file upload.pdb (PDB, C-alpha atoms, pLDDT in the B column)
ATOM      1  CA  MET A   1      13.027 -80.671 140.721  1.00 97.00           C
ATOM      2  CA  ASN A   2      13.710 -79.277 144.165  1.00 97.00           C
ATOM      3  CA  VAL A   3      15.414 -75.925 144.685  1.00 97.00           C
ATOM      4  CA  THR A   4      16.219 -74.075 147.889  1.00 98.00           C
ATOM      5  CA  ILE A   5      16.140 -70.291 148.041  1.00 98.00           C
ATOM      6  CA  ARG A   6      17.927 -68.747 151.028  1.00 98.00           C
ATOM      7  CA  LEU A   7      17.615 -65.079 151.900  1.00 98.00           C
ATOM      8  CA  PHE A   8      19.649 -62.939 154.256  1.00 97.00           C
ATOM      9  CA  ALA A   9      19.492 -59.613 156.119  1.00 96.00           C
ATOM     10  CA  GLN A  10      16.845 -57.222 154.766  1.00 95.00           C
ATOM     11  CA  PHE A  11      15.650 -59.807 152.270  1.00 96.00           C
ATOM     12  CA  ARG A  12      15.270 -62.458 154.976  1.00 97.00           C
ATOM     13  CA  GLU A  13      13.073 -60.079 156.954  1.00 95.00           C
ATOM     14  CA  ARG A  14      10.925 -59.299 153.948  1.00 95.00           C
ATOM     15  CA  PHE A  15      10.623 -62.717 152.304  1.00 96.00           C
ATOM     16  CA  GLY A  16      11.502 -65.242 155.006  1.00 96.00           C
ATOM     17  CA  PRO A  17      14.764 -67.140 155.512  1.00 97.00           C
ATOM     18  CA  VAL A  18      14.286 -70.277 153.416  1.00 98.00           C
ATOM     19  CA  HIS A  19      11.962 -71.432 150.663  1.00 97.00           C
ATOM     20  CA  GLU A  20      12.015 -75.056 149.547  1.00 97.00           C
ATOM     21  CA  LEU A  21      10.442 -75.095 146.110  1.00 97.00           C
ATOM     22  CA  ALA A  22       9.283 -77.973 143.916  1.00 97.00           C
ATOM     23  CA  LEU A  23       9.566 -76.633 140.376  1.00 96.00           C
ATOM     24  CA  PRO A  24       9.107 -77.978 136.858  1.00 95.00           C
ATOM     25  CA  GLU A  25      12.307 -78.670 134.928  1.00 94.00           C
ATOM     26  CA  GLY A  26      13.704 -75.729 133.020  1.00 92.00           C
ATOM     27  CA  GLU A  27      12.560 -72.977 135.358  1.00 95.00           C
ATOM     28  CA  ARG A  28      14.773 -69.923 135.089  1.00 96.00           C
ATOM     29  CA  LEU A  29      16.322 -68.165 138.044  1.00 96.00           C
ATOM     30  CA  ALA A  30      14.926 -64.670 137.493  1.00 95.00           C
ATOM     31  CA  GLU A  31      11.400 -66.033 136.940  1.00 95.00           C
ATOM     32  CA  VAL A  32      11.512 -67.985 140.171  1.00 97.00           C
ATOM     33  CA  LEU A  33      12.784 -65.003 142.158  1.00 97.00           C
ATOM     34  CA  HIS A  34      10.170 -62.750 140.558  1.00 96.00           C
ATOM     35  CA  GLU A  35       7.394 -65.127 141.525  1.00 96.00           C
ATOM     36  CA  LEU A  36       8.720 -65.456 145.064  1.00 96.00           C
ATOM     37  CA  ALA A  37       8.990 -61.678 145.404  1.00 96.00           C
ATOM     38  CA  GLY A  38       5.467 -61.235 144.105  1.00 96.00           C
ATOM     39  CA  GLN A  39       4.042 -63.134 147.066  1.00 94.00           C
ATOM     40  CA  THR A  40       4.927 -60.217 149.356  1.00 93.00           C
ATOM     41  CA  PRO A  41       3.500 -56.679 149.114  1.00 91.00           C
ATOM     42  CA  ASP A  42       6.019 -54.456 147.284  1.00 92.00           C
ATOM     43  CA  GLY A  43       8.324 -57.472 147.118  1.00 95.00           C
ATOM     44  CA  VAL A  44       8.972 -57.238 143.386  1.00 96.00           C
ATOM     45  CA  ALA A  45      10.126 -53.617 143.739  1.00 95.00           C
ATOM     46  CA  ALA A  46      12.563 -54.698 146.458  1.00 95.00           C
ATOM     47  CA  LEU A  47      14.434 -56.995 144.073  1.00 96.00           C
ATOM     48  CA  PHE A  48      13.634 -55.855 140.536  1.00 95.00           C
ATOM     49  CA  ALA A  49      13.795 -52.633 138.554  1.00 94.00           C
ATOM     50  CA  PRO A  50      10.720 -51.649 136.505  1.00 94.00           C
ATOM     51  CA  ASN A  51      12.402 -53.143 133.411  1.00 92.00           C
ATOM     52  CA  GLY A  52      12.459 -56.545 135.117  1.00 91.00           C
ATOM     53  CA  ARG A  53      16.187 -56.609 135.777  1.00 92.00           C
ATOM     54  CA  LEU A  54      17.484 -57.397 139.253  1.00 94.00           C
ATOM     55  CA  LEU A  55      18.507 -54.268 141.149  1.00 94.00           C
ATOM     56  CA  ASP A  56      22.235 -53.589 141.376  1.00 90.00           C
ATOM     57  CA  TYR A  57      22.428 -54.131 145.140  1.00 90.00           C
ATOM     58  CA  VAL A  58      20.773 -57.559 144.969  1.00 94.00           C
ATOM     59  CA  ILE A  59      23.438 -60.253 145.086  1.00 93.00           C
ATOM     60  CA  VAL A  60      22.482 -63.720 143.880  1.00 95.00           C
ATOM     61  CA  MET A  61      24.554 -66.852 144.266  1.00 94.00           C
ATOM     62  CA  GLN A  62      24.067 -70.333 142.873  1.00 94.00           C
ATOM     63  CA  GLY A  63      26.012 -72.528 145.238  1.00 90.00           C
ATOM     64  CA  ALA A  64      29.298 -70.680 145.780  1.00 83.00           C
ATOM     65  CA  ALA A  65      29.203 -68.785 142.480  1.00 88.00           C
ATOM     66  CA  ARG A  66      27.840 -65.289 142.112  1.00 89.00           C
ATOM     67  CA  ILE A  67      25.380 -64.955 139.258  1.00 93.00           C
ATOM     68  CA  GLU A  68      25.627 -62.033 136.888  1.00 91.00           C
ATOM     69  CA  HIS A  69      22.288 -60.241 136.680  1.00 90.00           C
ATOM     70  CA  ASP A  70      22.132 -60.517 132.908  1.00 89.00           C
ATOM     71  CA  HIS A  71      22.636 -64.255 133.269  1.00 91.00           C
ATOM     72  CA  ALA A  72      19.808 -64.665 135.804  1.00 90.00           C
ATOM     73  CA  ALA A  73      17.150 -64.222 133.127  1.00 89.00           C
ATOM     74  CA  THR A  74      18.340 -67.227 131.140  1.00 92.00           C
ATOM     75  CA  LEU A  75      19.911 -69.420 133.823  1.00 95.00           C
ATOM     76  CA  GLU A  76      18.001 -72.673 134.147  1.00 96.00           C
ATOM     77  CA  LEU A  77      17.902 -74.026 137.679  1.00 96.00           C
ATOM     78  CA  ARG A  78      18.991 -77.585 138.412  1.00 96.00           C
ATOM     79  CA  ASP A  79      17.629 -80.127 140.822  1.00 97.00           C
ATOM     80  CA  GLY A  80      19.277 -79.624 144.213  1.00 97.00           C
ATOM     81  CA  ASP A  81      20.352 -76.032 143.562  1.00 96.00           C
ATOM     82  CA  THR A  82      20.718 -73.669 146.508  1.00 96.00           C
ATOM     83  CA  ILE A  83      20.210 -70.057 145.539  1.00 97.00           C
ATOM     84  CA  ALA A  84      21.185 -67.306 147.975  1.00 97.00           C
ATOM     85  CA  VAL A  85      19.857 -63.753 147.750  1.00 97.00           C
ATOM     86  CA  PHE A  86      21.349 -60.983 149.853  1.00 95.00           C
ATOM     87  CA  PRO A  87      22.329 -57.309 149.978  1.00 94.00           C
ATOM     88  CA  PRO A  88      25.962 -56.074 149.968  1.00 93.00           C
ATOM     89  CA  VAL A  89      27.904 -57.451 152.899  1.00 91.00           C
ATOM     90  CA  ALA A  90      29.014 -55.433 155.930  1.00 89.00           C
ATOM     91  CA  GLY A  91      30.978 -57.698 158.259  1.00 84.00           C
ATOM     92  CA  GLY A  92      34.174 -57.114 160.197  1.00 85.00           C
TER      93      GLY A  92
ATOM     94  CA  MET B   1      50.052 -74.094 158.157  1.00 83.00           C
ATOM     95  CA  GLU B   2      46.298 -74.276 157.632  1.00 94.00           C
ATOM     96  CA  PRO B   3      44.462 -71.189 158.910  1.00 97.00           C
ATOM     97  CA  TYR B   4      42.092 -71.400 161.847  1.00 98.00           C
ATOM     98  CA  ILE B   5      38.626 -70.136 160.924  1.00 98.00           C
ATOM     99  CA  GLY B   6      35.816 -69.600 163.400  1.00 98.00           C
ATOM    100  CA  ILE B   7      32.263 -68.298 163.247  1.00 98.00           C
ATOM    101  CA  GLN B   8      30.647 -68.322 166.658  1.00 98.00           C
ATOM    102  CA  SER B   9      28.240 -66.529 168.975  1.00 98.00           C
ATOM    103  CA  GLY B  10      30.428 -66.758 172.077  1.00 97.00           C
ATOM    104  CA  ASP B  11      33.383 -64.556 172.857  1.00 97.00           C
ATOM    105  CA  VAL B  12      36.861 -65.285 171.536  1.00 97.00           C
ATOM    106  CA  GLU B  13      39.759 -66.544 173.644  1.00 97.00           C
ATOM    107  CA  ILE B  14      42.318 -64.173 172.204  1.00 98.00           C
ATOM    108  CA  GLU B  15      45.177 -65.293 174.455  1.00 98.00           C
ATOM    109  CA  ALA B  16      44.806 -68.875 173.254  1.00 98.00           C
ATOM    110  CA  LEU B  17      44.956 -67.707 169.642  1.00 98.00           C
ATOM    111  CA  VAL B  18      48.115 -65.707 170.391  1.00 98.00           C
ATOM    112  CA  ARG B  19      49.752 -68.713 172.049  1.00 98.00           C
ATOM    113  CA  ALA B  20      48.879 -70.908 169.073  1.00 98.00           C
ATOM    114  CA  ALA B  21      50.278 -68.294 166.682  1.00 98.00           C
ATOM    115  CA  LYS B  22      53.773 -68.535 168.162  1.00 98.00           C
ATOM    116  CA  VAL B  23      54.951 -71.323 165.892  1.00 98.00           C
ATOM    117  CA  PRO B  24      58.659 -71.945 165.232  1.00 98.00           C
ATOM    118  CA  GLY B  25      60.193 -69.021 163.346  1.00 98.00           C
ATOM    119  CA  THR B  26      57.757 -66.440 164.727  1.00 98.00           C
ATOM    120  CA  GLY B  27      59.206 -62.995 165.319  1.00 98.00           C
ATOM    121  CA  ALA B  28      55.975 -60.994 165.360  1.00 98.00           C
ATOM    122  CA  VAL B  29      52.344 -61.582 166.237  1.00 98.00           C
ATOM    123  CA  VAL B  30      49.737 -59.002 165.235  1.00 98.00           C
ATOM    124  CA  VAL B  31      46.297 -59.062 166.845  1.00 98.00           C
ATOM    125  CA  PHE B  32      43.316 -57.186 165.447  1.00 98.00           C
ATOM    126  CA  ASP B  33      40.306 -56.922 167.746  1.00 98.00           C
ATOM    127  CA  GLY B  34      37.336 -55.265 166.068  1.00 97.00           C
ATOM    128  CA  VAL B  35      34.712 -54.197 168.617  1.00 97.00           C
ATOM    129  CA  VAL B  36      31.176 -52.837 168.529  1.00 97.00           C
ATOM    130  CA  ARG B  37      31.602 -49.059 168.442  1.00 96.00           C
ATOM    131  CA  ASP B  38      29.147 -46.798 170.248  1.00 94.00           C
ATOM    132  CA  ASP B  39      27.679 -44.958 167.285  1.00 93.00           C
ATOM    133  CA  GLY B  40      24.538 -44.121 169.207  1.00 95.00           C
ATOM    134  CA  ILE B  41      23.526 -47.754 169.388  1.00 97.00           C
ATOM    135  CA  ASP B  42      22.716 -50.178 172.194  1.00 94.00           C
ATOM    136  CA  ARG B  43      23.746 -53.306 170.334  1.00 96.00           C
ATOM    137  CA  MET B  44      23.925 -54.956 166.958  1.00 97.00           C
ATOM    138  CA  ASP B  45      22.754 -58.265 165.524  1.00 97.00           C
ATOM    139  CA  LEU B  46      25.061 -60.076 163.134  1.00 97.00           C
ATOM    140  CA  GLU B  47      24.003 -62.777 160.717  1.00 97.00           C
ATOM    141  CA  THR B  48      25.933 -64.779 158.156  1.00 97.00           C
ATOM    142  CA  TYR B  49      25.656 -67.157 155.244  1.00 96.00           C
ATOM    143  CA  GLU B  50      27.889 -69.476 157.191  1.00 96.00           C
ATOM    144  CA  SER B  51      28.967 -72.110 154.687  1.00 94.00           C
ATOM    145  CA  VAL B  52      30.028 -69.518 152.132  1.00 93.00           C
ATOM    146  CA  ALA B  53      31.514 -67.241 154.798  1.00 95.00           C
ATOM    147  CA  ARG B  54      33.734 -70.036 156.135  1.00 96.00           C
ATOM    148  CA  GLU B  55      34.909 -70.965 152.679  1.00 94.00           C
ATOM    149  CA  LEU B  56      35.725 -67.373 151.820  1.00 94.00           C
ATOM    150  CA  MET B  57      37.445 -66.621 155.137  1.00 96.00           C
ATOM    151  CA  ALA B  58      39.675 -69.647 154.609  1.00 97.00           C
ATOM    152  CA  GLU B  59      40.454 -68.554 151.061  1.00 96.00           C
ATOM    153  CA  ILE B  60      41.366 -65.034 152.216  1.00 96.00           C
ATOM    154  CA  ALA B  61      43.594 -66.479 154.934  1.00 98.00           C
ATOM    155  CA  ARG B  62      45.363 -68.866 152.561  1.00 98.00           C
ATOM    156  CA  LYS B  63      45.978 -66.046 150.096  1.00 97.00           C
ATOM    157  CA  GLY B  64      47.342 -63.884 152.922  1.00 97.00           C
ATOM    158  CA  ILE B  65      49.703 -66.636 154.057  1.00 98.00           C
ATOM    159  CA  ALA B  66      51.083 -67.061 150.551  1.00 98.00           C
ATOM    160  CA  ARG B  67      51.314 -63.363 149.673  1.00 98.00           C
ATOM    161  CA  PHE B  68      52.857 -62.091 152.914  1.00 98.00           C
ATOM    162  CA  ASN B  69      54.818 -65.174 153.907  1.00 98.00           C
ATOM    163  CA  LEU B  70      52.815 -65.541 157.106  1.00 98.00           C
ATOM    164  CA  LEU B  71      53.427 -68.397 159.524  1.00 98.00           C
ATOM    165  CA  SER B  72      49.901 -68.647 160.912  1.00 98.00           C
ATOM    166  CA  VAL B  73      46.517 -66.979 160.554  1.00 98.00           C
ATOM    167  CA  ALA B  74      43.455 -67.229 162.789  1.00 98.00           C
ATOM    168  CA  ILE B  75      40.216 -65.440 161.938  1.00 98.00           C
ATOM    169  CA  VAL B  76      37.195 -65.602 164.224  1.00 98.00           C
ATOM    170  CA  HIS B  77      33.986 -63.692 163.476  1.00 98.00           C
ATOM    171  CA  ARG B  78      31.145 -63.508 165.937  1.00 98.00           C
ATOM    172  CA  ILE B  79      27.453 -63.602 165.071  1.00 98.00           C
ATOM    173  CA  GLY B  80      24.287 -63.048 167.061  1.00 98.00           C
ATOM    174  CA  ALA B  81      23.505 -60.145 169.419  1.00 98.00           C
ATOM    175  CA  LEU B  82      26.532 -58.093 170.516  1.00 98.00           C
ATOM    176  CA  ASP B  83      26.567 -55.140 172.914  1.00 97.00           C
ATOM    177  CA  VAL B  84      28.699 -52.019 172.549  1.00 97.00           C
ATOM    178  CA  GLY B  85      32.289 -52.878 173.424  1.00 97.00           C
ATOM    179  CA  GLU B  86      32.058 -56.583 172.606  1.00 98.00           C
ATOM    180  CA  ASN B  87      34.441 -58.267 170.196  1.00 98.00           C
ATOM    181  CA  ILE B  88      33.156 -58.690 166.644  1.00 97.00           C
ATOM    182  CA  MET B  89      36.107 -60.044 164.699  1.00 98.00           C
ATOM    183  CA  ILE B  90      39.530 -61.223 165.833  1.00 98.00           C
ATOM    184  CA  VAL B  91      42.428 -61.704 163.442  1.00 98.00           C
ATOM    185  CA  VAL B  92      45.723 -63.094 164.768  1.00 98.00           C
ATOM    186  CA  VAL B  93      48.672 -63.267 162.407  1.00 98.00           C
ATOM    187  CA  SER B  94      52.224 -64.419 162.948  1.00 98.00           C
ATOM    188  CA  ALA B  95      55.269 -63.932 160.754  1.00 98.00           C
ATOM    189  CA  GLY B  96      59.009 -63.872 160.981  1.00 98.00           C
ATOM    190  CA  HIS B  97      59.052 -60.073 160.991  1.00 98.00           C
ATOM    191  CA  ARG B  98      56.627 -57.298 161.936  1.00 98.00           C
ATOM    192  CA  LYS B  99      56.318 -55.802 158.456  1.00 98.00           C
ATOM    193  CA  GLU B 100      54.809 -58.949 156.935  1.00 98.00           C
ATOM    194  CA  ALA B 101      52.612 -59.496 159.981  1.00 98.00           C
ATOM    195  CA  PHE B 102      51.176 -55.954 159.953  1.00 98.00           C
ATOM    196  CA  GLU B 103      50.756 -55.751 156.186  1.00 98.00           C
ATOM    197  CA  GLY B 104      49.236 -59.199 155.970  1.00 98.00           C
ATOM    198  CA  ALA B 105      46.782 -58.460 158.759  1.00 98.00           C
ATOM    199  CA  VAL B 106      45.651 -55.169 157.193  1.00 97.00           C
ATOM    200  CA  ALA B 107      45.192 -56.702 153.740  1.00 97.00           C
ATOM    201  CA  MET B 108      43.181 -59.631 155.039  1.00 97.00           C
ATOM    202  CA  ILE B 109      41.004 -57.461 157.305  1.00 96.00           C
ATOM    203  CA  ASP B 110      40.144 -55.156 154.395  1.00 94.00           C
ATOM    204  CA  GLU B 111      39.175 -58.127 152.272  1.00 94.00           C
ATOM    205  CA  LEU B 112      37.186 -59.772 155.058  1.00 95.00           C
ATOM    206  CA  LYS B 113      35.158 -56.628 155.674  1.00 92.00           C
ATOM    207  CA  ALA B 114      34.424 -56.165 151.997  1.00 90.00           C
ATOM    208  CA  ASN B 115      33.726 -59.717 150.923  1.00 89.00           C
ATOM    209  CA  VAL B 116      32.531 -62.133 153.583  1.00 93.00           C
ATOM    210  CA  PRO B 117      28.728 -62.578 153.647  1.00 94.00           C
ATOM    211  CA  ILE B 118      28.005 -61.134 157.079  1.00 96.00           C
ATOM    212  CA  TRP B 119      25.493 -58.404 157.848  1.00 96.00           C
ATOM    213  CA  LYS B 120      24.980 -56.079 160.819  1.00 96.00           C
ATOM    214  CA  LYS B 121      21.738 -54.659 162.102  1.00 97.00           C
ATOM    215  CA  GLU B 122      22.161 -51.797 164.563  1.00 97.00           C
ATOM    216  CA  HIS B 123      19.697 -51.172 167.394  1.00 97.00           C
ATOM    217  CA  LEU B 124      19.654 -47.405 167.850  1.00 96.00           C
ATOM    218  CA  ARG B 125      19.656 -46.003 171.369  1.00 95.00           C
ATOM    219  CA  GLY B 126      16.665 -43.806 170.586  1.00 92.00           C
ATOM    220  CA  GLY B 127      14.711 -46.756 169.242  1.00 94.00           C
ATOM    221  CA  GLY B 128      14.489 -48.373 165.848  1.00 95.00           C
ATOM    222  CA  THR B 129      16.925 -50.437 163.849  1.00 96.00           C
ATOM    223  CA  VAL B 130      19.058 -49.914 160.771  1.00 95.00           C
ATOM    224  CA  TRP B 131      21.024 -52.308 158.574  1.00 95.00           C
ATOM    225  CA  VAL B 132      24.635 -51.265 158.035  1.00 93.00           C
ATOM    226  CA  GLU B 133      25.125 -50.576 154.349  1.00 88.00           C
ATOM    227  CA  GLY B 134      27.672 -52.642 152.512  1.00 85.00           C
ATOM    228  CA  ASN B 135      29.599 -52.084 149.326  1.00 72.00           C
ATOM    229  CA  ALA B 136      28.083 -53.755 146.275  1.00 64.00           C
ATOM    230  CA  GLU B 137      31.213 -53.267 144.204  1.00 60.00           C
ATOM    231  CA  ALA B 138      33.625 -55.133 146.435  1.00 50.00           C
ATOM    232  CA  LEU B 139      32.364 -58.693 146.281  1.00 52.00           C
ATOM    233  CA  PRO B 140      34.733 -61.323 144.976  1.00 46.00           C
ATOM    234  CA  TRP B 141      32.219 -63.150 142.849  1.00 45.00           C
ATOM    235  CA  GLY B 142      32.140 -60.437 140.237  1.00 38.00           C
ATOM    236  CA  PRO B 143      30.396 -60.708 136.885  1.00 35.00           C
ATOM    237  CA  GLY B 144      33.483 -62.327 135.385  1.00 33.00           C
ATOM    238  CA  SER B 145      33.202 -65.260 137.765  1.00 36.00           C
ATOM    239  CA  SER B 146      29.537 -65.931 137.155  1.00 33.00           C
ATOM    240  CA  GLY B 147      28.848 -69.617 137.100  1.00 29.00           C
TER     241      GLY B 147
END
call {"tool": "encode", "arguments": {"input": "upload.pdb", "output": "structure tokens"}}
result
Amino acid sequence: MNVTIRLFAQFRERFGPVHELALPEGERLAEVLHELAGQTPDGVAALFAPNGRLLDYVIVMQGAARIEHDHAATLELRDGDTIAVFPPVAGG
Amino acid sequence: MEPYIGIQSGDVEIEALVRAAKVPGTGAVVVFDGVVRDDGIDRMDLETYESVARELMAEIARKGIARFNLLSVAIVHRIGALDVGENIMIVVVSAGHRKEAFEGAVAMIDELKANVPIWKKEHLRGGGTVWVEGNAEALPWGPGSSG
């Protein structure tokens, strides 16, 4: 299946703006983000706490729906998903 | 009336938005012009998650129209590199009376600032850059709306 990961602001600078991933069926959101983060020095620590949970200030969306951090560990991605990862917003 | 939503790099034609806001029944037009403040910076860069930002701006505007009985709402947010003094976000609201127009504008601006996925990176006058910190608690897609 194909999944797009989009990153914004500090996370875009660290990990790049877009990653188009071809993944096996059943991949879970947190695993995919962990693997992506691990490709960059200190990347895992930028998104995840030592216990493996996403840090509080990391916002993750699947389409237009925000994903609860506890849900990210078990959420299976679907073909065509767009996942967005960004810090708290500061517009206006 | 459907709100007008804009996300653009160029400046905003505020007078045109004010003219368009004067629909039949209008007794008050409120204009908010948020500008880049000189907090020891030369400029700032703004970026957005545009598809989600547009959707959310429209939702905030529609809620504002319904809640405050507004006649029209236009929201335009700029992105890209902006110098000190440039317009960042323009909100133009019309209503039958000033109270609804002012209160509606304030409520929508607060929600826009807290919720719309837009980020600012400041270029400090002495060199270096810093991302403006946002509020993690204020987002609309809270844990209860996880999908």
call {"tool": "residues_near_point", "arguments": {"input": "upload.pdb", "point": "(16.2, -56.1, 136.3)", "cutoff": "12 Å", "atoms": "only C-alpha atoms", "output": "ChimeraX atom specification"}}
result
/A:30-31,33-34,44-58,68-73
call {"tool": "interface_residues", "arguments": {"input": "upload.pdb", "of": "chain A", "to": "chain B", "cutoff": "10 Å", "atoms": "only C-alpha atoms", "output": "PyMOL selection string"}}
result
chain A and resi 6-10+56-72+75+84+86-92
call {"tool": "closest_residue", "arguments": {"input": "upload.pdb", "among": "B:Val93, B:Val84, B:Val29, B:Val18", "to": "Arg62 of chain B", "atoms": "only C-alpha atoms"}}
result
B:Val93
call {"tool": "resolve_selection", "arguments": {"input": "upload.pdb", "expression": "the PyMOL selection byres ((chain B and resi 14) around 10)", "output": "list in words"}}
result
Asp11, Val12, Glu13, Glu15, Ala16, Leu17, Val18, Arg19, Ala20, Val31, Phe32, Asp33, Ala74, Val76, Ile90, Val91 and Val92 of chain B
call {"tool": "resolve_selection", "arguments": {"input": "upload.pdb", "expression": "the PyMOL selection byres ((chain A and resi 79) around 12)", "output": "mmCIF file with C-alpha atoms, in the coordinates of the input"}}
result
data_model
loop_
_atom_site.group_PDB
_atom_site.id
_atom_site.type_symbol
_atom_site.label_atom_id
_atom_site.label_comp_id
_atom_site.auth_asym_id
_atom_site.auth_seq_id
_atom_site.Cartn_x
_atom_site.Cartn_y
_atom_site.Cartn_z
ATOM 1 C CA MET A 1 13.027 -80.671 140.721
ATOM 2 C CA ASN A 2 13.710 -79.277 144.165
ATOM 3 C CA VAL A 3 15.414 -75.925 144.685
ATOM 4 C CA THR A 4 16.219 -74.075 147.889
ATOM 5 C CA GLU A 20 12.015 -75.056 149.547
ATOM 6 C CA LEU A 21 10.442 -75.095 146.110
ATOM 7 C CA ALA A 22 9.283 -77.973 143.916
ATOM 8 C CA LEU A 23 9.566 -76.633 140.376
ATOM 9 C CA PRO A 24 9.107 -77.978 136.858
ATOM 10 C CA GLU A 25 12.307 -78.670 134.928
ATOM 11 C CA GLY A 26 13.704 -75.729 133.020
ATOM 12 C CA GLU A 27 12.560 -72.977 135.358
ATOM 13 C CA GLN A 62 24.067 -70.333 142.873
ATOM 14 C CA GLU A 76 18.001 -72.673 134.147
ATOM 15 C CA LEU A 77 17.902 -74.026 137.679
ATOM 16 C CA ARG A 78 18.991 -77.585 138.412
ATOM 17 C CA GLY A 80 19.277 -79.624 144.213
ATOM 18 C CA ASP A 81 20.352 -76.032 143.562
ATOM 19 C CA THR A 82 20.718 -73.669 146.508
ATOM 20 C CA ILE A 83 20.210 -70.057 145.539
#
call {"tool": "atom_distance", "arguments": {"input": "upload.pdb", "atom1": "atom CA of Arg125 of chain B", "atom2": "atom CA of Gly85 of chain B"}}
result
14.5 Å
call {"tool": "residues_around", "arguments": {"input": "upload.pdb", "residues": "Ala58 of chain B", "least_positions_apart": "6", "cutoff": "10 Å", "atoms": "only C-alpha atoms", "output": "list of chain:residue names"}}
result
B:Glu2, B:Pro3, B:Tyr4, B:Ile5, B:Gly6, B:Val52, B:Gly64, B:Val73, B:Ala74, B:Ile75
call {"tool": "resolve_selection", "arguments": {"input": "upload.pdb", "expression": "the PyMOL selection byres ((chain B and resi 97) around 12)", "output": "CSV table (one decimal) with C-alpha atoms, in the coordinates of the input"}}
result
chain,number,residue,atom,x,y,z
B,25,GLY,CA,60.2,-69.0,163.3
B,26,THR,CA,57.8,-66.4,164.7
B,27,GLY,CA,59.2,-63.0,165.3
B,28,ALA,CA,56.0,-61.0,165.4
B,29,VAL,CA,52.3,-61.6,166.2
B,30,VAL,CA,49.7,-59.0,165.2
B,68,PHE,CA,52.9,-62.1,152.9
B,69,ASN,CA,54.8,-65.2,153.9
B,70,LEU,CA,52.8,-65.5,157.1
B,71,LEU,CA,53.4,-68.4,159.5
B,93,VAL,CA,48.7,-63.3,162.4
B,94,SER,CA,52.2,-64.4,162.9
B,95,ALA,CA,55.3,-63.9,160.8
B,96,GLY,CA,59.0,-63.9,161.0
B,98,ARG,CA,56.6,-57.3,161.9
B,99,LYS,CA,56.3,-55.8,158.5
B,100,GLU,CA,54.8,-58.9,156.9
B,101,ALA,CA,52.6,-59.5,160.0
B,102,PHE,CA,51.2,-56.0,160.0
B,103,GLU,CA,50.8,-55.8,156.2
B,104,GLY,CA,49.2,-59.2,156.0
call {"tool": "residues_around", "arguments": {"input": "upload.pdb", "residues": "Phe15 of chain A", "least_positions_apart": "3", "cutoff": "10 Å", "atoms": "all atoms listed in the file", "output": "JSON, numbers by chain"}}
result
{"A": [6, 7, 8, 10, 11, 12, 18, 19, 36, 37, 38, 39, 40, 41, 43]}
call {"tool": "atom_distance", "arguments": {"input": "upload.pdb", "atom1": "atom CA of Gly40 of chain B", "atom2": "atom CA of Gly10 of chain B"}}
result
23.6 Å
call {"tool": "closest_residue", "arguments": {"input": "upload.pdb", "among": "B:Ala21, B:Met1, B:Gln8, B:Asp42", "to": "Gly126 of chain B", "atoms": "all atoms listed in the file"}}
result
B:Asp42
call {"tool": "atom_distance", "arguments": {"input": "upload.pdb", "atom1": "atom CA of Ser9 of chain B", "atom2": "atom CA of Val23 of chain B"}}
result
27.3 Å
call {"tool": "axis_aligned_box", "arguments": {"input": "upload.pdb", "around": "segment 111-126 of chain B", "padding_each_side": "3 Å", "output": "AutoDock Vina command-line options"}}
result
--center_x 27.9 --center_y -53.2 --center_z 161.1 --size_x 28.5 --size_y 24.8 --size_z 26.4
call {"tool": "closest_residue", "arguments": {"input": "upload.pdb", "among": "B:Ile7, B:Asp45, B:Pro24, B:Asp39", "to": "Ala81 of chain B", "atoms": "all atoms listed in the file"}}
result
B:Asp45
call {"tool": "build_atoms", "arguments": {"input": "upload.pdb", "residues": "segment 74-80 of chain A", "atoms": "N, CA, C and O atoms", "output": "tab-separated table (two decimals), keeping the file's coordinate frame"}}
result
chain	number	residue	atom	x	y	z
A	74	THR	N	18.29	-66.04	131.99
A	74	THR	CA	18.34	-67.23	131.14
A	74	THR	C	18.83	-68.48	131.88
A	74	THR	O	18.75	-69.57	131.34
A	75	LEU	N	19.32	-68.29	133.10
A	75	LEU	CA	19.91	-69.42	133.82
A	75	LEU	C	18.85	-70.42	134.25
A	75	LEU	O	17.95	-70.09	135.04
A	76	GLU	N	18.95	-71.63	133.75
A	76	GLU	CA	18.00	-72.67	134.15
A	76	GLU	C	18.48	-73.31	135.45
A	76	GLU	O	19.64	-73.70	135.58
A	77	LEU	N	17.56	-73.41	136.40
A	77	LEU	CA	17.90	-74.03	137.68
A	77	LEU	C	18.01	-75.53	137.52
A	77	LEU	O	17.41	-76.12	136.62
A	78	ARG	N	18.79	-76.13	138.43
A	78	ARG	CA	18.99	-77.58	138.41
A	78	ARG	C	18.47	-78.18	139.71
A	78	ARG	O	18.44	-77.50	140.75
A	79	ASP	N	18.10	-79.44	139.63
A	79	ASP	CA	17.63	-80.13	140.82
A	79	ASP	C	18.71	-80.07	141.91
A	79	ASP	O	19.88	-80.35	141.63
A	80	GLY	N	18.32	-79.69	143.11
A	80	GLY	CA	19.28	-79.62	144.21
A	80	GLY	C	19.98	-78.28	144.36
A	80	GLY	O	20.77	-78.11	145.29
